[in-house]
$ cat protein_2.cif   # mmCIF, C-alpha atoms
data_data
#
loop_
_atom_site.group_PDB
_atom_site.id
_atom_site.type_symbol
_atom_site.label_atom_id
_atom_site.label_comp_id
_atom_site.auth_asym_id
_atom_site.auth_seq_id
_atom_site.Cartn_x
_atom_site.Cartn_y
_atom_site.Cartn_z
ATOM 1 C CA MET Y 1 15.886 -78.313 154.537
ATOM 2 C CA PHE Y 2 12.685 -80.329 154.879
ATOM 3 C CA GLU Y 3 11.996 -78.595 158.158
ATOM 4 C CA ALA Y 4 12.209 -75.198 156.455
ATOM 5 C CA VAL Y 5 9.927 -76.301 153.613
ATOM 6 C CA ALA Y 6 7.400 -77.733 156.054
ATOM 7 C CA PHE Y 7 7.549 -74.635 158.250
ATOM 8 C CA TYR Y 8 6.944 -72.185 155.417
ATOM 9 C CA LEU Y 9 4.248 -74.333 153.804
ATOM 10 C CA PHE Y 10 2.287 -74.728 157.020
ATOM 11 C CA ALA Y 11 2.862 -71.118 158.043
ATOM 12 C CA PHE Y 12 1.366 -69.972 154.748
ATOM 13 C CA LEU Y 13 -1.560 -72.377 155.056
ATOM 14 C CA THR Y 14 -2.319 -71.465 158.666
ATOM 15 C CA ILE Y 15 -2.182 -67.734 158.072
ATOM 16 C CA THR Y 16 -4.406 -68.055 155.001
ATOM 17 C CA MET Y 17 -6.961 -70.187 156.814
ATOM 18 C CA PHE Y 18 -7.163 -67.926 159.860
ATOM 19 C CA TYR Y 19 -7.309 -64.834 157.667
ATOM 20 C CA ILE Y 20 -10.330 -66.303 155.883
ATOM 21 C CA THR Y 21 -11.846 -67.120 159.293
ATOM 22 C CA VAL Y 22 -11.748 -63.526 160.491
ATOM 23 C CA THR Y 23 -12.720 -61.878 157.200
ATOM 24 C CA THR Y 24 -15.407 -64.055 155.624
ATOM 25 C CA SER Y 25 -19.046 -63.084 155.945
ATOM 26 C CA GLN Y 26 -20.309 -66.676 155.883
ATOM 27 C CA ALA Y 27 -20.347 -68.428 159.244
ATOM 28 C CA LEU Y 28 -19.959 -71.866 157.660
ATOM 29 C CA TYR Y 29 -16.806 -70.833 155.798
ATOM 30 C CA ALA Y 30 -15.430 -69.447 159.047
ATOM 31 C CA LEU Y 31 -16.124 -72.748 160.820
ATOM 32 C CA SER Y 32 -14.505 -74.965 158.186
ATOM 33 C CA THR Y 33 -11.438 -72.773 157.717
ATOM 34 C CA LEU Y 34 -10.987 -72.601 161.490
ATOM 35 C CA ALA Y 35 -11.041 -76.413 161.648
ATOM 36 C CA ALA Y 36 -8.476 -76.617 158.836
ATOM 37 C CA GLY Y 37 -6.260 -74.037 160.553
ATOM 38 C CA MET Y 38 -6.341 -76.027 163.794
ATOM 39 C CA ILE Y 39 -5.099 -79.136 161.992
ATOM 40 C CA PHE Y 40 -2.321 -77.151 160.308
ATOM 41 C CA ILE Y 41 -1.300 -75.745 163.707
ATOM 42 C CA SER Y 42 -0.844 -79.306 164.949
ATOM 43 C CA ALA Y 43 1.719 -79.768 162.145
ATOM 44 C CA PHE Y 44 3.932 -77.200 163.896
ATOM 45 C CA PHE Y 45 3.732 -79.215 167.093
ATOM 46 C CA PHE Y 46 4.859 -82.327 165.221
ATOM 47 C CA ILE Y 47 7.741 -80.412 163.620
ATOM 48 C CA LEU Y 48 8.766 -79.156 167.069
ATOM 49 C CA GLY Y 49 8.848 -82.670 168.489
ATOM 50 C CA ALA Y 50 5.816 -82.193 170.731
ATOM 51 C CA ASP Y 51 4.015 -85.254 169.405
ATOM 52 C CA PHE Y 52 1.576 -85.612 172.286
ATOM 53 C CA LEU Y 53 0.592 -81.964 172.103
ATOM 54 C CA GLY Y 54 -0.068 -82.312 168.365
ATOM 55 C CA ALA Y 55 -2.286 -85.343 168.930
ATOM 56 C CA VAL Y 56 -4.152 -83.513 171.702
ATOM 57 C CA GLN Y 57 -4.564 -80.499 169.411
ATOM 58 C CA ILE Y 58 -6.193 -82.634 166.710
ATOM 59 C CA ILE Y 59 -8.399 -84.582 169.128
ATOM 60 C CA VAL Y 60 -9.537 -81.684 171.317
ATOM 61 C CA TYR Y 61 -9.830 -78.888 168.784
ATOM 62 C CA THR Y 62 -10.992 -80.547 165.596
ATOM 63 C CA GLY Y 63 -12.696 -83.402 167.391
ATOM 64 C CA ALA Y 64 -14.443 -81.806 170.345
ATOM 65 C CA VAL Y 65 -14.392 -78.036 169.883
ATOM 66 C CA MET Y 66 -15.370 -78.037 166.229
ATOM 67 C CA ALA Y 67 -18.112 -80.596 166.819
ATOM 68 C CA LEU Y 68 -19.445 -78.398 169.633
ATOM 69 C CA TYR Y 69 -19.359 -75.347 167.393
ATOM 70 C CA ALA Y 70 -21.164 -77.253 164.659
ATOM 71 C CA PHE Y 71 -23.842 -78.274 167.167
ATOM 72 C CA GLY Y 72 -24.111 -74.700 168.383
ATOM 73 C CA MET Y 73 -24.494 -73.389 164.876
ATOM 74 C CA MET Y 74 -27.575 -75.561 164.407
ATOM 75 C CA PHE Y 75 -29.316 -73.320 166.941
ATOM 76 C CA PHE Y 76 -28.336 -70.081 165.254
ATOM 77 C CA ASP Y 77 -29.360 -68.645 161.943
ATOM 78 C CA THR Y 78 -26.119 -69.094 160.057
ATOM 79 C CA THR Y 79 -27.306 -68.816 156.499
ATOM 80 C CA ARG Y 80 -27.659 -65.061 156.441
ATOM 81 C CA GLU Y 81 -24.634 -62.855 155.973
ATOM 82 C CA VAL Y 82 -22.839 -61.535 159.030
ATOM 83 C CA LYS Y 83 -22.833 -57.820 159.570
ATOM 84 C CA GLU Y 84 -19.533 -56.233 160.535
ATOM 85 C CA LYS Y 85 -18.516 -53.386 162.732
ATOM 86 C CA ASN Y 86 -17.314 -50.580 160.500
ATOM 87 C CA GLY Y 87 -14.780 -48.901 162.717
ATOM 88 C CA ASN Y 88 -11.620 -47.147 161.691
ATOM 89 C CA LYS Y 89 -9.579 -49.801 159.894
ATOM 90 C CA TYR Y 90 -6.197 -48.281 160.696
ATOM 91 C CA ILE Y 91 -6.906 -48.118 164.423
ATOM 92 C CA VAL Y 92 -7.972 -51.767 164.439
ATOM 93 C CA VAL Y 93 -4.899 -52.984 162.566
ATOM 94 C CA GLY Y 94 -2.552 -50.735 164.536
ATOM 95 C CA LEU Y 95 -3.859 -51.807 167.941
ATOM 96 C CA SER Y 96 -3.698 -55.459 166.919
ATOM 97 C CA ALA Y 97 -0.081 -55.130 165.789
ATOM 98 C CA ILE Y 98 0.935 -53.339 168.998
ATOM 99 C CA ALA Y 99 -0.719 -55.989 171.154
ATOM 100 C CA ALA Y 100 0.887 -58.819 169.172
ATOM 101 C CA VAL Y 101 4.347 -57.262 169.453
ATOM 102 C CA MET Y 102 3.802 -56.942 173.190
ATOM 103 C CA VAL Y 103 3.034 -60.651 173.405
ATOM 104 C CA VAL Y 104 6.342 -61.420 171.694
ATOM 105 C CA ALA Y 105 8.119 -59.028 174.056
ATOM 106 C CA ILE Y 106 6.631 -60.900 177.016
ATOM 107 C CA PHE Y 107 7.785 -64.192 175.542
ATOM 108 C CA SER Y 108 11.260 -63.007 174.637
ATOM 109 C CA ALA Y 109 12.002 -60.999 177.785
ATOM 110 C CA PRO Y 110 13.446 -64.005 179.629
ATOM 111 C CA ILE Y 111 15.321 -65.072 176.479
ATOM 112 C CA ILE Y 112 17.218 -61.799 176.223
ATOM 113 C CA SER Y 113 18.642 -62.272 179.691
ATOM 114 C CA THR Y 114 21.166 -64.947 178.801
ATOM 115 C CA ASN Y 115 21.045 -67.022 181.949
ATOM 116 C CA MET Y 116 17.877 -68.891 181.021
ATOM 117 C CA GLN Y 117 17.985 -72.533 182.027
ATOM 118 C CA ALA Y 118 15.573 -75.372 181.511
ATOM 119 C CA PHE Y 119 13.271 -75.709 184.501
ATOM 120 C CA TYR Y 120 12.224 -79.265 183.745
ATOM 121 C CA PRO Y 121 14.764 -80.449 181.166
ATOM 122 C CA MET Y 122 13.906 -83.109 178.618
ATOM 123 C CA VAL Y 123 14.875 -86.609 179.740
ATOM 124 C CA GLU Y 124 17.291 -88.429 177.446
ATOM 125 C CA GLY Y 125 16.094 -91.643 175.874
ATOM 126 C CA ALA Y 126 12.375 -91.155 176.547
ATOM 127 C CA GLY Y 127 9.662 -90.415 174.027
ATOM 128 C CA ASN Y 128 7.726 -87.185 174.102
ATOM 129 C CA THR Y 129 4.627 -88.793 175.564
ATOM 130 C CA GLN Y 130 6.678 -90.405 178.330
ATOM 131 C CA GLN Y 131 8.399 -87.110 179.160
ATOM 132 C CA VAL Y 132 5.075 -85.275 179.263
ATOM 133 C CA GLY Y 133 3.670 -87.924 181.574
ATOM 134 C CA MET Y 134 6.657 -87.731 183.913
ATOM 135 C CA VAL Y 135 6.512 -83.950 184.256
ATOM 136 C CA LEU Y 136 2.713 -83.688 184.311
ATOM 137 C CA PHE Y 137 2.198 -86.251 187.063
ATOM 138 C CA THR Y 138 5.055 -85.157 189.283
ATOM 139 C CA LYS Y 139 5.516 -81.394 188.956
ATOM 140 C CA TYR Y 140 2.116 -80.313 187.635
ATOM 141 C CA LEU Y 141 -0.177 -82.739 189.421
ATOM 142 C CA ILE Y 142 -2.237 -80.131 191.301
ATOM 143 C CA PRO Y 143 -2.844 -77.894 188.241
ATOM 144 C CA PHE Y 144 -3.801 -81.054 186.356
ATOM 145 C CA GLU Y 145 -6.417 -81.983 188.974
ATOM 146 C CA VAL Y 146 -7.704 -78.411 189.112
ATOM 147 C CA ALA Y 147 -8.057 -78.423 185.323
ATOM 148 C CA ALA Y 148 -10.028 -81.671 185.590
ATOM 149 C CA ILE Y 149 -12.421 -80.110 188.128
ATOM 150 C CA MET Y 150 -12.728 -77.010 185.930
ATOM 151 C CA LEU Y 151 -13.671 -79.162 182.941
ATOM 152 C CA LEU Y 152 -16.269 -80.960 185.073
ATOM 153 C CA VAL Y 153 -17.769 -77.634 186.177
ATOM 154 C CA ALA Y 154 -17.811 -76.443 182.561
ATOM 155 C CA MET Y 155 -19.543 -79.645 181.472
ATOM 156 C CA VAL Y 156 -22.257 -79.281 184.124
ATOM 157 C CA ALA Y 157 -22.686 -75.606 183.228
ATOM 158 C CA GLY Y 158 -22.979 -76.405 179.532
ATOM 159 C CA ILE Y 159 -25.611 -79.081 180.169
ATOM 160 C CA VAL Y 160 -27.614 -76.843 182.518
ATOM 161 C CA LEU Y 161 -27.486 -73.816 180.223
ATOM 162 C CA ALA Y 162 -28.104 -75.457 176.861
ATOM 163 C CA GLY Y 163 -30.206 -78.413 177.946
ATOM 164 C CA LYS Y 164 -33.302 -76.581 179.164
ATOM 165 C CA LYS Y 165 -36.516 -77.977 177.668
ATOM 166 C CA MET Y 166 -34.553 -80.362 175.474
ATOM 167 C CA ASP Y 167 -36.860 -83.186 176.555
ATOM 168 C CA LEU Y 168 -39.636 -81.588 174.478
ATOM 169 C CA SER Y 169 -39.433 -82.325 170.780
ATOM 170 C CA LEU Y 170 -41.710 -80.300 168.542
ATOM 171 C CA THR Y 171 -41.351 -82.781 165.695
ATOM 172 C CA LEU Y 172 -42.563 -85.745 167.752
ATOM 173 C CA MET Y 173 -45.647 -83.998 169.184
ATOM 174 C CA ASN Y 174 -48.976 -83.714 167.438
ATOM 175 C CA ALA Y 175 -50.683 -80.406 166.691
ATOM 176 C CA GLU Y 176 -52.818 -80.233 169.855
ATOM 177 C CA GLU Y 177 -49.863 -80.626 172.178
ATOM 178 C CA ILE Y 178 -47.904 -77.907 170.381
ATOM 179 C CA GLN Y 179 -50.954 -75.637 170.536
ATOM 180 C CA ALA Y 180 -51.256 -76.253 174.290
ATOM 181 C CA ILE Y 181 -47.621 -75.231 174.813
ATOM 182 C CA GLU Y 182 -48.127 -72.102 172.692
ATOM 183 C CA ASP Y 183 -51.241 -71.144 174.672
ATOM 184 C CA GLU Y 184 -49.406 -71.543 177.950
ATOM 185 C CA LYS Y 185 -46.582 -69.328 176.674
ATOM 186 C CA ASN Y 186 -49.030 -66.629 175.575
ATOM 187 C CA LYS Y 187 -50.790 -66.793 178.942
ATOM 188 C CA LYS Y 188 -47.479 -66.145 180.704
ATOM 189 C CA VAL Y 189 -46.742 -63.173 178.453
ATOM 190 C CA LEU Y 190 -50.173 -61.643 179.015
ATOM 191 C CA SER Y 191 -50.227 -62.075 182.771
ATOM 192 C CA MET J 1 18.192 -72.514 155.851
ATOM 193 C CA GLU J 2 17.770 -73.235 159.518
ATOM 194 C CA ILE J 3 14.450 -72.510 161.182
ATOM 195 C CA GLY J 4 15.079 -70.866 164.533
ATOM 196 C CA LEU J 5 13.041 -69.727 167.466
ATOM 197 C CA ASN J 6 12.503 -66.305 165.934
ATOM 198 C CA HIS J 7 10.668 -67.785 162.956
ATOM 199 C CA TYR J 8 8.146 -69.372 165.271
ATOM 200 C CA LEU J 9 7.797 -66.245 167.375
ATOM 201 C CA VAL J 10 7.117 -64.152 164.265
ATOM 202 C CA LEU J 11 4.536 -66.693 163.127
ATOM 203 C CA SER J 12 2.935 -66.584 166.563
ATOM 204 C CA THR J 13 2.804 -62.786 166.353
ATOM 205 C CA ILE J 14 1.148 -62.847 162.945
ATOM 206 C CA LEU J 15 -1.481 -65.351 164.071
ATOM 207 C CA PHE J 16 -2.144 -63.375 167.252
ATOM 208 C CA CYS J 17 -2.521 -60.209 165.177
ATOM 209 C CA ILE J 18 -5.057 -61.924 162.898
ATOM 210 C CA GLY J 19 -7.013 -63.112 165.909
ATOM 211 C CA LEU J 20 -7.054 -59.633 167.455
ATOM 212 C CA ILE J 21 -8.273 -58.097 164.214
ATOM 213 C CA GLY J 22 -11.061 -60.662 164.275
ATOM 214 C CA VAL J 23 -11.967 -59.813 167.878
ATOM 215 C CA MET J 24 -12.114 -56.116 167.074
ATOM 216 C CA ARG J 25 -14.132 -56.192 163.884
ATOM 217 C CA ARG J 26 -16.588 -59.033 164.492
ATOM 218 C CA LYS J 27 -20.097 -58.264 165.667
ATOM 219 C CA ASN J 28 -21.514 -61.774 165.683
ATOM 220 C CA LEU J 29 -20.665 -63.462 168.997
ATOM 221 C CA LEU J 30 -20.107 -66.899 167.465
ATOM 222 C CA LEU J 31 -17.488 -65.532 165.075
ATOM 223 C CA LEU J 32 -15.951 -63.633 167.988
ATOM 224 C CA PHE J 33 -15.483 -67.005 169.710
ATOM 225 C CA PHE J 34 -13.672 -68.247 166.600
ATOM 226 C CA ALA J 35 -11.302 -65.295 166.849
ATOM 227 C CA THR J 36 -10.531 -66.085 170.507
ATOM 228 C CA GLU J 37 -9.678 -69.656 169.517
ATOM 229 C CA ILE J 38 -7.176 -68.237 167.033
ATOM 230 C CA LEU J 39 -5.613 -66.143 169.815
ATOM 231 C CA LEU J 40 -5.197 -69.159 172.082
ATOM 232 C CA ASN J 41 -3.679 -71.236 169.282
ATOM 233 C CA ALA J 42 -1.188 -68.512 168.372
ATOM 234 C CA VAL J 43 0.072 -68.465 171.958
ATOM 235 C CA ASN J 44 0.278 -72.277 171.966
ATOM 236 C CA VAL J 45 2.608 -72.221 168.964
ATOM 237 C CA GLY J 46 4.905 -69.832 170.833
ATOM 238 C CA PHE J 47 4.895 -72.043 173.933
ATOM 239 C CA ALA J 48 5.713 -75.191 171.962
ATOM 240 C CA ALA J 49 8.539 -73.446 170.057
ATOM 241 C CA ILE J 50 10.184 -72.146 173.241
ATOM 242 C CA SER J 51 9.762 -75.576 174.818
ATOM 243 C CA HIS J 52 11.609 -77.154 171.871
ATOM 244 C CA TYR J 53 14.453 -74.673 171.522
ATOM 245 C CA TYR J 54 15.294 -74.541 175.223
ATOM 246 C CA GLY J 55 14.830 -78.244 175.905
ATOM 247 C CA ASP J 56 12.257 -77.465 178.583
ATOM 248 C CA LEU J 57 8.916 -79.160 179.034
ATOM 249 C CA THR J 58 7.214 -76.294 180.875
ATOM 250 C CA GLY J 59 6.056 -74.698 177.630
ATOM 251 C CA GLN J 60 4.252 -77.848 176.574
ATOM 252 C CA MET J 61 2.614 -78.119 179.998
ATOM 253 C CA PHE J 62 1.270 -74.605 179.724
ATOM 254 C CA ALA J 63 0.015 -75.361 176.218
ATOM 255 C CA PHE J 64 -1.958 -78.293 177.649
ATOM 256 C CA PHE J 65 -3.559 -76.096 180.270
ATOM 257 C CA VAL J 66 -4.378 -73.479 177.645
ATOM 258 C CA ILE J 67 -6.162 -76.169 175.618
ATOM 259 C CA ALA J 68 -8.114 -77.281 178.712
ATOM 260 C CA ILE J 69 -9.144 -73.701 179.468
ATOM 261 C CA ALA J 70 -10.185 -73.142 175.841
ATOM 262 C CA ALA J 71 -12.391 -76.231 175.932
ATOM 263 C CA SER J 72 -14.172 -75.251 179.152
ATOM 264 C CA GLU J 73 -14.553 -71.624 178.056
ATOM 265 C CA LEU J 74 -16.183 -72.851 174.887
ATOM 266 C CA ALA J 75 -18.630 -75.149 176.704
ATOM 267 C CA VAL J 76 -19.860 -72.433 179.066
ATOM 268 C CA GLY J 77 -19.826 -69.708 176.396
ATOM 269 C CA LEU J 78 -21.789 -71.731 173.889
ATOM 270 C CA GLY J 79 -24.357 -72.631 176.557
ATOM 271 C CA LEU J 80 -24.834 -68.962 177.423
ATOM 272 C CA LEU J 81 -25.041 -68.110 173.721
ATOM 273 C CA ILE J 82 -27.784 -70.681 173.150
ATOM 274 C CA VAL J 83 -29.772 -69.318 176.109
ATOM 275 C CA TRP J 84 -29.387 -65.766 174.787
ATOM 276 C CA HIS J 85 -30.439 -66.835 171.300
ATOM 277 C CA LYS J 86 -33.550 -68.567 172.672
ATOM 278 C CA ARG J 87 -34.562 -65.415 174.561
ATOM 279 C CA HIS J 88 -33.753 -62.725 172.022
ATOM 280 C CA GLY J 89 -33.400 -64.453 168.667
ATOM 281 C CA THR J 90 -30.095 -62.803 167.840
ATOM 282 C CA ILE J 91 -26.463 -63.061 168.916
ATOM 283 C CA ASP J 92 -25.235 -59.691 167.717
ATOM 284 C CA LEU J 93 -23.136 -57.750 170.182
ATOM 285 C CA ASP J 94 -24.988 -54.500 169.541
ATOM 286 C CA THR J 95 -28.272 -55.922 170.852
ATOM 287 C CA MET J 96 -26.728 -56.751 174.231
ATOM 288 C CA THR J 97 -27.205 -53.319 175.712
ATOM 289 C CA SER J 98 -29.691 -54.230 178.430
ATOM 290 C CA MET J 99 -27.290 -53.094 181.157
ATOM 291 C CA ARG J 100 -26.960 -49.603 179.736
ATOM 292 C CA GLY J 101 -27.895 -47.079 182.386
#
$ encode --input "protein_2.cif" --output "structure tokens"
Amino acid sequence: MFEAVAFYLFAFLTITMFYITVTTSQALYALSTLAAGMIFISAFFFILGADFLGAVQIIVYTGAVMALYAFGMMFFDTTREVKEKNGNKYIVVGLSAIAAVMVVAIFSAPIISTNMQAFYPMVEGAGNTQQVGMVLFTKYLIPFEVAAIMLLVAMVAGIVLAGKKMDLSLTLMNAEEIQAIEDEKNKKVLS
Amino acid sequence: MEIGLNHYLVLSTILFCIGLIGVMRRKNLLLLFFATEILLNAVNVGFAAISHYYGDLTGQMFAFFVIAIAASELAVGLGLLIVWHKRHGTIDLDTMTSMRG
């Protein structure tokens, strides 16, 4: 009973939040509703007994990803309204529905064949975090290490791409220094 | 009323559909990134539900790797977006036609 109430409540909230995210014309509204939707998604993980995954969802998505988006939005002009592509609405909705149904078909294809068995069954008498640890560090150790290296590469790439000329601060320089930088830039453009 | 696997799969479908609509109608690249996050989260819900109803931990493992990939995709993508914005002053998709022959 409580599970059903929680499921429908959070399903409604998540769908509403994500719908606002894709339809609003204000980037700030999109950001805040996306953050709220991520937290509501983690509620499903808690209902499903995947406690560790829910905690990771909150920490990674609303902690790291949203903070990164907020930092990124400081660089962009987010106050003006966002223009939209005005394509055929029916084609867009129809293609989206077809693709989504295909995703469910991919998921449910092994379910329809009745001989589906658990590959790494849940261990009795162990918490979710303990089970995740046991499977992750025995069966999925190499993918885990590869994911770690991938995150390292992404971190270096992010620093290299976004961090250019971040050691200069226009607010801390006086007028002559800023003028010198501007002159140098103009010289490069002219030459 | 009992909540079964199908409820979660239908929810996953609806969220995926919303994300795809966002990908198709957005022009601003930052909001397009938001829509891809919705897509990844919709698939994660499906993975966690199947993991629960079949007593199998593989679904949760794949959800973890999806989260890791989303985080690294975001770091690189946002870096590229900042570089593009510094060069051109806009992040609209329609302005990125420099490779048109």
$ resolve_selection --input "protein_2.cif" --expression "the PyMOL selection byres ((chain Y) within 6 of (chain J))" --output "NGL selection string"
:Y and (4 or 22 or 48 or 84-85 or 96-97 or 100 or 118 or 120-122 or 151 or 154 or 157-158 or 161-162)
$ resolve_selection --input "protein_2.cif" --expression "the PyMOL selection byres ((chain Y and resi 64) around 12)" --output "PyMOL selection string"
(chain Y and resi 35+38+56-63+65-71) or (chain J and resi 67-68+70-72+74-75)
$ atom_distance --input "protein_2.cif" --atom1 "atom CA of Phe76 of chain Y" --atom2 "atom CA of Asn186 of chain Y"
23.4 Å
$ axis_aligned_box --input "protein_2.cif" --around "segment 69-74 of chain J" --padding-each-side "5 Å" --output "JSON"
{"center_x": -12.7, "center_y": -73.9, "center_z": 177.2, "size_x": 17.0, "size_y": 14.6, "size_z": 14.6}
$ atom_distance --input "protein_2.cif" --atom1 "atom CA of Met155 of chain Y" --atom2 "atom CA of Gly37 of chain Y"
25.4 Å
$ atom_distance --input "protein_2.cif" --atom1 "atom CA of Val132 of chain Y" --atom2 "atom CA of Ile41 of chain Y"
19.3 Å
$ closest_residue --input "protein_2.cif" --among "Y:Thr33, Y:Gly125, Y:Ile159, Y:Met1" --to "Thr14 of chain Y" --atoms "all atoms listed in the file"
Y:Thr33
$ closest_residue --input "protein_2.cif" --among "Y:Val153, Y:Ile39, Y:Met173, Y:Ala147" --to "Ala11 of chain Y" --atoms "all atoms listed in the file"
Y:Ile39
